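The structure file run25.txt is reproduced below (compact mmCIF, C-alpha atoms).
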```
# COMPACT_ATOMS: atom_id res chain seq x y z
CA MET U 853 -27.50 -9.97 112.80
CA ALA U 854 -26.76 -6.92 110.69
CA LEU U 855 -29.26 -5.91 108.06
CA PRO U 856 -28.06 -5.44 104.46
CA PRO U 857 -27.33 -1.78 103.73
CA ALA U 858 -29.75 0.13 101.54
CA LYS U 859 -27.17 2.58 100.15
CA PRO U 860 -25.94 0.35 97.28
CA LYS U 861 -29.47 0.04 95.94
CA ALA U 862 -29.87 3.82 95.90
CA ARG U 863 -26.47 4.18 94.22
CA HIS U 864 -27.38 1.68 91.53
CA SER U 865 -30.67 3.46 90.87
CA PHE U 866 -28.85 6.79 90.64
CA THR U 867 -26.36 5.30 88.16
CA LEU U 868 -29.14 4.01 85.94
CA TRP U 869 -31.15 7.22 86.01
CA LEU U 870 -28.11 9.42 85.44
CA GLY U 871 -27.17 7.32 82.42
CA LEU U 872 -30.72 7.52 81.09
CA GLY U 873 -30.70 11.28 81.62
CA LEU U 874 -27.45 11.89 79.74
CA VAL U 875 -28.44 9.62 76.86
CA GLY U 876 -31.96 11.07 76.87
CA ILE U 877 -30.61 14.58 76.28
CA HIS U 878 -28.85 13.43 73.12
CA VAL U 879 -31.89 11.45 71.98
CA ALA U 880 -34.09 14.51 72.46
CA MET U 881 -31.68 16.69 70.45
CA ALA U 882 -31.44 14.08 67.71
CA VAL U 883 -35.23 13.78 67.39
CA LEU U 884 -35.59 17.57 67.50
CA THR U 885 -33.27 17.99 64.50
CA LEU U 886 -35.78 16.06 62.40
CA PHE U 887 -38.26 18.92 62.84
CA TRP U 888 -36.32 22.00 63.95
CA THR U 889 -32.82 23.43 64.38
CA PRO U 890 -31.86 26.92 65.60
CA TYR U 891 -30.47 27.73 62.13
CA ASP U 892 -30.34 26.06 58.77
CA PRO U 893 -27.37 23.66 58.88
CA GLY U 894 -25.94 25.11 55.67
CA SER U 895 -26.49 28.78 56.54
CA MET U 896 -23.24 30.78 56.65
CA SER U 897 -24.71 34.10 57.73
CA GLY U 898 -23.37 34.15 61.29
CA GLY U 899 -19.89 35.49 60.68
CA ARG U 900 -16.70 33.45 60.92
CA LEU U 901 -15.65 32.14 64.36
CA ALA U 902 -18.11 34.33 66.26
CA PRO U 903 -18.00 33.79 70.06
CA PRO U 904 -21.00 32.38 71.96
CA SER U 905 -23.89 34.83 72.18
CA TRP U 906 -27.67 34.96 72.54
CA GLU U 907 -27.96 34.57 68.77
CA HIS U 908 -25.46 31.70 68.55
CA TRP U 909 -25.28 29.79 71.83
CA ALA U 910 -22.04 27.98 70.92
CA GLY U 911 -20.73 30.55 68.47
CA THR U 912 -20.06 29.87 64.80
CA ASP U 913 -17.49 27.80 62.93
CA ARG U 914 -14.89 28.94 60.40
CA LEU U 915 -17.56 29.01 57.67
CA GLY U 916 -20.03 31.07 59.68
CA ARG U 917 -22.43 28.22 60.47
CA ASP U 918 -24.19 28.02 63.82
CA PHE U 919 -22.12 25.64 65.93
CA PHE U 920 -24.93 24.54 68.27
CA THR U 921 -26.89 23.40 65.21
CA GLN U 922 -23.89 21.34 64.13
CA ILE U 923 -23.64 19.77 67.60
CA MET U 924 -27.33 18.82 67.52
CA ILE U 925 -26.97 17.15 64.13
CA GLY U 926 -23.87 15.40 65.45
CA SER U 927 -26.02 13.82 68.17
CA ARG U 928 -28.30 12.38 65.50
CA ILE U 929 -25.37 10.96 63.53
CA ALA U 930 -23.76 9.49 66.66
CA LEU U 931 -27.00 7.75 67.66
CA ILE U 932 -27.56 6.44 64.13
CA VAL U 933 -24.03 5.07 63.98
CA GLY U 934 -24.14 3.56 67.46
CA THR U 935 -27.56 1.95 66.97
CA GLY U 936 -26.77 0.69 63.47
CA ALA U 937 -23.37 -0.72 64.42
CA VAL U 938 -24.70 -2.48 67.52
CA ALA U 939 -27.66 -3.89 65.55
CA ILE U 940 -25.37 -5.31 62.85
CA GLY U 941 -22.93 -6.60 65.44
CA ALA U 942 -25.75 -8.20 67.44
CA VAL U 943 -27.30 -10.02 64.48
CA ILE U 944 -23.99 -11.34 63.15
CA GLY U 945 -22.39 -11.95 66.55
CA VAL U 946 -25.30 -13.74 68.22
CA THR U 947 -25.79 -15.95 65.15
CA ILE U 948 -22.12 -16.96 64.98
CA GLY U 949 -21.91 -17.39 68.75
CA MET U 950 -24.93 -19.70 68.78
CA LEU U 951 -23.53 -21.76 65.91
CA ALA U 952 -20.23 -22.11 67.77
CA ALA U 953 -22.02 -23.20 70.94
CA PHE U 954 -23.82 -26.00 69.07
CA ALA U 955 -20.92 -26.95 66.80
CA THR U 956 -18.70 -29.99 67.14
CA LYS U 957 -15.42 -29.60 68.98
CA PHE U 958 -13.43 -29.13 65.78
CA TRP U 959 -15.64 -26.36 64.40
CA ASP U 960 -16.06 -24.82 67.83
CA ASP U 961 -12.29 -24.56 68.25
CA ALA U 962 -11.91 -23.21 64.71
CA LEU U 963 -14.55 -20.51 65.23
CA ALA U 964 -13.12 -19.62 68.63
CA ALA U 965 -9.64 -19.21 67.13
CA ALA U 966 -10.99 -17.06 64.30
CA LEU U 967 -12.86 -14.83 66.77
CA ASP U 968 -9.76 -14.47 68.93
CA ILE U 969 -7.79 -13.33 65.89
CA LEU U 970 -10.42 -10.73 64.98
CA ILE U 971 -10.66 -9.49 68.56
CA ALA U 972 -6.87 -9.12 68.66
CA PHE U 973 -7.20 -6.31 66.11
CA PRO U 974 -8.28 -2.98 67.67
CA THR U 975 -11.86 -2.10 66.71
CA LEU U 976 -10.79 1.19 65.09
CA LEU U 977 -8.04 -0.46 63.04
CA LEU U 978 -10.35 -3.21 61.84
CA ALA U 979 -13.00 -0.63 60.92
CA MET U 980 -10.39 1.41 59.03
CA LEU U 981 -9.40 -1.65 57.01
CA ILE U 982 -13.02 -2.42 56.15
CA VAL U 983 -13.75 1.20 55.17
CA ALA U 984 -10.59 1.26 53.04
CA LEU U 985 -11.91 -1.71 51.05
CA GLY U 986 -14.92 0.35 49.95
CA ASP U 987 -15.03 2.77 47.07
CA SER U 988 -15.40 5.83 49.30
CA ALA U 989 -16.08 6.78 52.89
CA SER U 990 -19.74 7.20 53.82
CA LEU U 991 -22.00 6.95 56.83
CA PHE U 992 -23.19 3.50 55.74
CA THR U 993 -19.69 2.09 55.30
CA ALA U 994 -18.72 3.41 58.73
CA ILE U 995 -21.75 1.73 60.33
CA LEU U 996 -21.10 -1.53 58.47
CA ALA U 997 -17.40 -1.55 59.35
CA LEU U 998 -18.05 -0.89 63.04
CA GLY U 999 -20.83 -3.48 63.11
CA ILE U 1000 -18.52 -6.15 61.68
CA ALA U 1001 -15.80 -5.20 64.15
CA ILE U 1002 -18.25 -5.41 67.07
CA SER U 1003 -19.69 -8.75 65.90
CA ALA U 1004 -16.52 -10.64 66.84
CA ILE U 1005 -16.77 -9.47 70.46
CA VAL U 1006 -20.48 -10.26 70.63
CA ALA U 1007 -19.97 -13.69 69.06
CA ARG U 1008 -17.28 -14.66 71.55
CA LEU U 1009 -19.42 -13.57 74.52
CA THR U 1010 -22.50 -15.31 73.11
CA ARG U 1011 -20.56 -18.55 72.61
CA ILE U 1012 -19.31 -18.53 76.21
CA LEU U 1013 -22.70 -17.72 77.72
CA ALA U 1014 -24.63 -20.15 75.52
CA LYS U 1015 -22.30 -23.07 76.28
CA ARG U 1016 -22.66 -22.35 79.97
CA VAL U 1017 -26.47 -22.47 79.73
CA LEU U 1018 -26.47 -25.58 77.53
CA GLY U 1019 -24.55 -27.44 80.23
CA GLN U 1020 -27.34 -27.01 82.79
CA ASP U 1021 -29.55 -29.93 83.86
CA TYR U 1022 -32.79 -28.25 82.88
CA ILE U 1023 -31.63 -28.20 79.25
CA ILE U 1024 -31.39 -31.99 79.33
CA ALA U 1025 -34.84 -32.16 80.93
CA SER U 1026 -36.25 -29.87 78.27
CA ARG U 1027 -34.79 -32.00 75.49
CA THR U 1028 -36.10 -35.16 77.16
CA SER U 1029 -39.59 -33.68 77.22
CA GLY U 1030 -39.44 -33.28 73.43
CA THR U 1031 -38.44 -29.64 73.02
CA SER U 1032 -36.56 -29.02 69.77
CA TRP U 1033 -33.19 -27.26 69.71
CA PRO U 1034 -34.73 -24.06 68.26
CA GLY U 1035 -37.23 -24.20 71.12
CA VAL U 1036 -34.44 -24.63 73.64
CA VAL U 1037 -32.67 -21.58 72.21
CA SER U 1038 -35.77 -19.38 72.25
CA ARG U 1039 -37.13 -20.54 75.62
CA HIS U 1040 -34.00 -21.09 77.66
CA VAL U 1041 -30.74 -19.93 76.08
CA LEU U 1042 -31.61 -16.46 74.81
CA PRO U 1043 -33.67 -15.40 77.89
CA ASN U 1044 -30.78 -16.41 80.18
CA ILE U 1045 -27.98 -14.74 78.23
CA TRP U 1046 -29.88 -11.64 77.14
CA PRO U 1047 -29.29 -9.55 80.32
CA THR U 1048 -25.53 -9.94 79.97
CA LEU U 1049 -25.66 -9.31 76.22
CA SER U 1050 -27.70 -6.13 76.70
CA VAL U 1051 -25.02 -4.74 79.02
CA ASN U 1052 -22.36 -5.56 76.43
CA PHE U 1053 -24.46 -3.90 73.70
CA ALA U 1054 -24.60 -0.68 75.73
CA LEU U 1055 -20.82 -0.75 76.17
CA GLN U 1056 -20.25 -1.47 72.49
CA PHE U 1057 -22.55 1.45 71.62
CA GLY U 1058 -20.22 3.85 73.39
CA LEU U 1059 -17.17 2.30 71.73
CA ALA U 1060 -18.86 2.59 68.32
CA VAL U 1061 -19.55 6.29 68.87
CA ILE U 1062 -15.91 6.91 69.77
CA ALA U 1063 -14.70 4.85 66.82
CA GLU U 1064 -16.96 6.74 64.39
CA ALA U 1065 -15.69 10.06 65.72
CA SER U 1066 -12.13 8.80 65.20
CA LEU U 1067 -12.94 7.67 61.65
CA SER U 1068 -14.51 11.04 60.85
CA TYR U 1069 -11.52 12.82 62.34
CA LEU U 1070 -9.31 10.86 59.93
CA GLY U 1071 -11.63 11.55 57.00
CA LEU U 1072 -12.97 7.98 56.84
CA GLY U 1073 -16.36 8.55 58.46
CA ALA U 1074 -19.45 10.47 57.49
CA PRO U 1075 -18.46 12.95 54.76
CA PRO U 1076 -19.65 16.60 54.61
CA PRO U 1077 -22.25 17.99 55.00
CA ASN U 1078 -22.80 15.48 57.83
CA ALA U 1079 -21.81 17.25 61.04
CA SER U 1080 -20.06 14.36 62.77
CA TRP U 1081 -18.44 15.29 66.07
CA GLY U 1082 -15.16 13.82 64.86
CA ARG U 1083 -15.18 15.99 61.75
CA LEU U 1084 -16.04 19.07 63.84
CA LEU U 1085 -13.02 18.32 66.04
CA GLN U 1086 -10.83 17.94 62.96
CA GLU U 1087 -12.02 21.25 61.53
CA ALA U 1088 -11.47 23.01 64.88
CA GLN U 1089 -7.86 21.94 65.37
CA GLY U 1090 -6.59 24.88 63.32
CA THR U 1091 -8.51 27.44 65.39
CA VAL U 1092 -8.29 25.82 68.83
CA TYR U 1093 -6.48 28.85 70.30
CA THR U 1094 -8.58 31.58 68.67
CA ALA U 1095 -11.95 29.80 69.00
CA PRO U 1096 -11.59 26.99 71.59
CA ILE U 1097 -15.35 26.42 71.75
CA GLY U 1098 -15.05 24.63 68.41
CA ALA U 1099 -13.05 21.86 70.06
CA ILE U 1100 -14.62 21.98 73.52
CA ALA U 1101 -18.29 21.69 72.48
CA PRO U 1102 -18.08 18.50 70.36
CA GLY U 1103 -15.69 17.00 72.90
CA ILE U 1104 -18.18 17.56 75.72
CA ALA U 1105 -21.00 16.14 73.58
CA LEU U 1106 -18.98 13.02 72.79
CA VAL U 1107 -17.90 12.48 76.40
CA THR U 1108 -21.39 12.93 77.87
CA LEU U 1109 -22.95 10.44 75.44
CA VAL U 1110 -20.28 7.81 76.05
CA ILE U 1111 -20.36 8.29 79.83
CA GLY U 1112 -24.16 8.12 79.74
CA MET U 1113 -24.07 4.79 77.87
CA ASN U 1114 -21.46 3.40 80.28
CA LEU U 1115 -23.56 4.43 83.28
CA LEU U 1116 -26.60 2.91 81.60
CA ALA U 1117 -24.68 -0.33 81.07
CA ASP U 1118 -23.64 -0.31 84.74
CA GLY U 1119 -27.24 0.19 85.80
CA LEU U 1120 -28.45 -2.61 83.54
CA ARG U 1121 -25.80 -4.93 84.99
CA ASP U 1122 -27.06 -4.20 88.50
CA ILE U 1123 -30.61 -5.02 87.43
CA GLY U 1124 -29.78 -8.16 85.46
CA ASP U 1125 -27.22 -9.71 87.81
CA PRO U 1126 -29.13 -12.21 89.99
CA THR U 1127 -26.27 -12.44 92.51
CA ARG U 1128 -26.67 -8.75 93.29
CA LYS U 1129 -30.40 -9.19 93.78
CA ARG U 1130 -29.87 -12.09 96.19
CA SER U 1131 -27.33 -10.11 98.20
CA ARG U 1132 -29.77 -7.29 98.90
```
Starting from the file, give its structure as structure tokens.
Amino acid sequence: MALPPAKPKARHSFTLWLGLGLVGIHVAMAVLTLFWTPYDPGSMSGGRLAPPSWEHWAGTDRLGRDFFTQIMIGSRIALIVGTGAVAIGAVIGVTIGMLAAFATKFWDDALAAALDILIAFPTLLLAMLIVALGDSASLFTAILALGIAISAIVARLTRILAKRVLGQDYIIASRTSGTSWPGVVSRHVLPNIWPTLSVNFALQFGLAVIAEASLSYLGLGAPPPNASWGRLLQEAQGTVYTAPIGAIAPGIALVTLVIGMNLLADGLRDIGDPTRKRSR
């Protein structure tokens, strides 16, 4: 009888650690900006569009500001937006999903139809509509808009997972023993659906970062002087041939953070999936 191969386990561990490493670099840069940056973010003493050098590792932008400093601050904004949007989406989505799972058939079908309609809209388009309803674009409105857009996806997943758990025999046994419905949710439903939800949260984090960069590129995200990666890309489009580092650097930063979160989500799925554990 052949023994189960050990290579998949090593690959899964590598995926998780690589994701943690990529995300950890951005977290370290974001925390570092709270205490130190190579140059003052508003300093324009570096000369316009200077190439990378020992003084300015990523060169300077069209205003003479140190570009590496702008990239570091962009990491902080991306993490704030991703964390805030996922937190808002999780609170709203899990609450609505749980209500739908416990609702009567009529209200369950109504909520499911409403969620399907919201999910049919692209996340970026829905966020643009929500931002447009505000007085002006800001970092808070971008986070709120993305959080509301994410909540529909989280609610639909929560509803499906919760209904699946509520149909198990041990839920009936728990209710028979006198456990209240809030107790059933806290002891049985949430612990069983949380691994899958955490993977989805990691994926939604990456999507929120991309959506915020897109909003900033369109002028609907974090306004100046916030150095959002999307705004840096927008400012660099006019000098992409003379100073390509202005478009390459924020693009690399955005890609590495999103890939890191996706790898992290993949690693979390390997850990939380009981079928994978049994197959090893």
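Minimum atom-to-atom distance to U:Ser895, evaluated using all atoms listed in the file, belongs to U:Asp918 out of U:Asp1122, U:Asp918, U:Glu907, U:Asp913.
The residue that comes closest to U:Arg1039, out of U:Ala979, U:Val1017, U:Ile969, U:Val1051 and on the basis of all atoms listed in the file, is U:Val1017.
Of note, atom CA of U:Ala994 and atom CA of U:Gly926 are spaced 14.7 Å apart.
Between U:Trp909 and the residues U:Ile971, U:Ile923, U:Ala1099, U:Leu1070, the shortest atom-to-atom distance, using only C-alpha atoms, involves U:Ile923.
Between U:Val875 and the residues U:Ile1123, U:Thr956, U:Val983, U:Gly1058, the shortest atom-to-atom distance, using all atoms listed in the file, involves U:Gly1058.
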note - atom CA of U:Leu1072 and atom CA of U:Ile944 are separated by 23.1 Å
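With only C-alpha atoms taken into account, the protein and nucleic acid residues at most 10 Å from U:Gly1035 (excluding it and anything under 6 positions from it in its own chain) are Ser1026, Arg1027 and Val1041 of chain U.
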- prompt: What's the 8 Å shell around U:Gly1119, counting only C-alpha atoms, without same-chain residues fewer than 5 positions away, as a ChimeraX atom specification?
  reply: /U:864-865,867-868,871
Let me have the centre and edge lengths in Å, one decimal, of the box along x, y and z around every listed atom of stretch 941-960 of chain U with 8 Å of margin on each side, as AutoDock Vina command-line options.
```
--center_x -20.4 --center_y -18.3 --center_z 67.0 --size_x 29.9 --size_y 39.4 --size_z 23.8
```
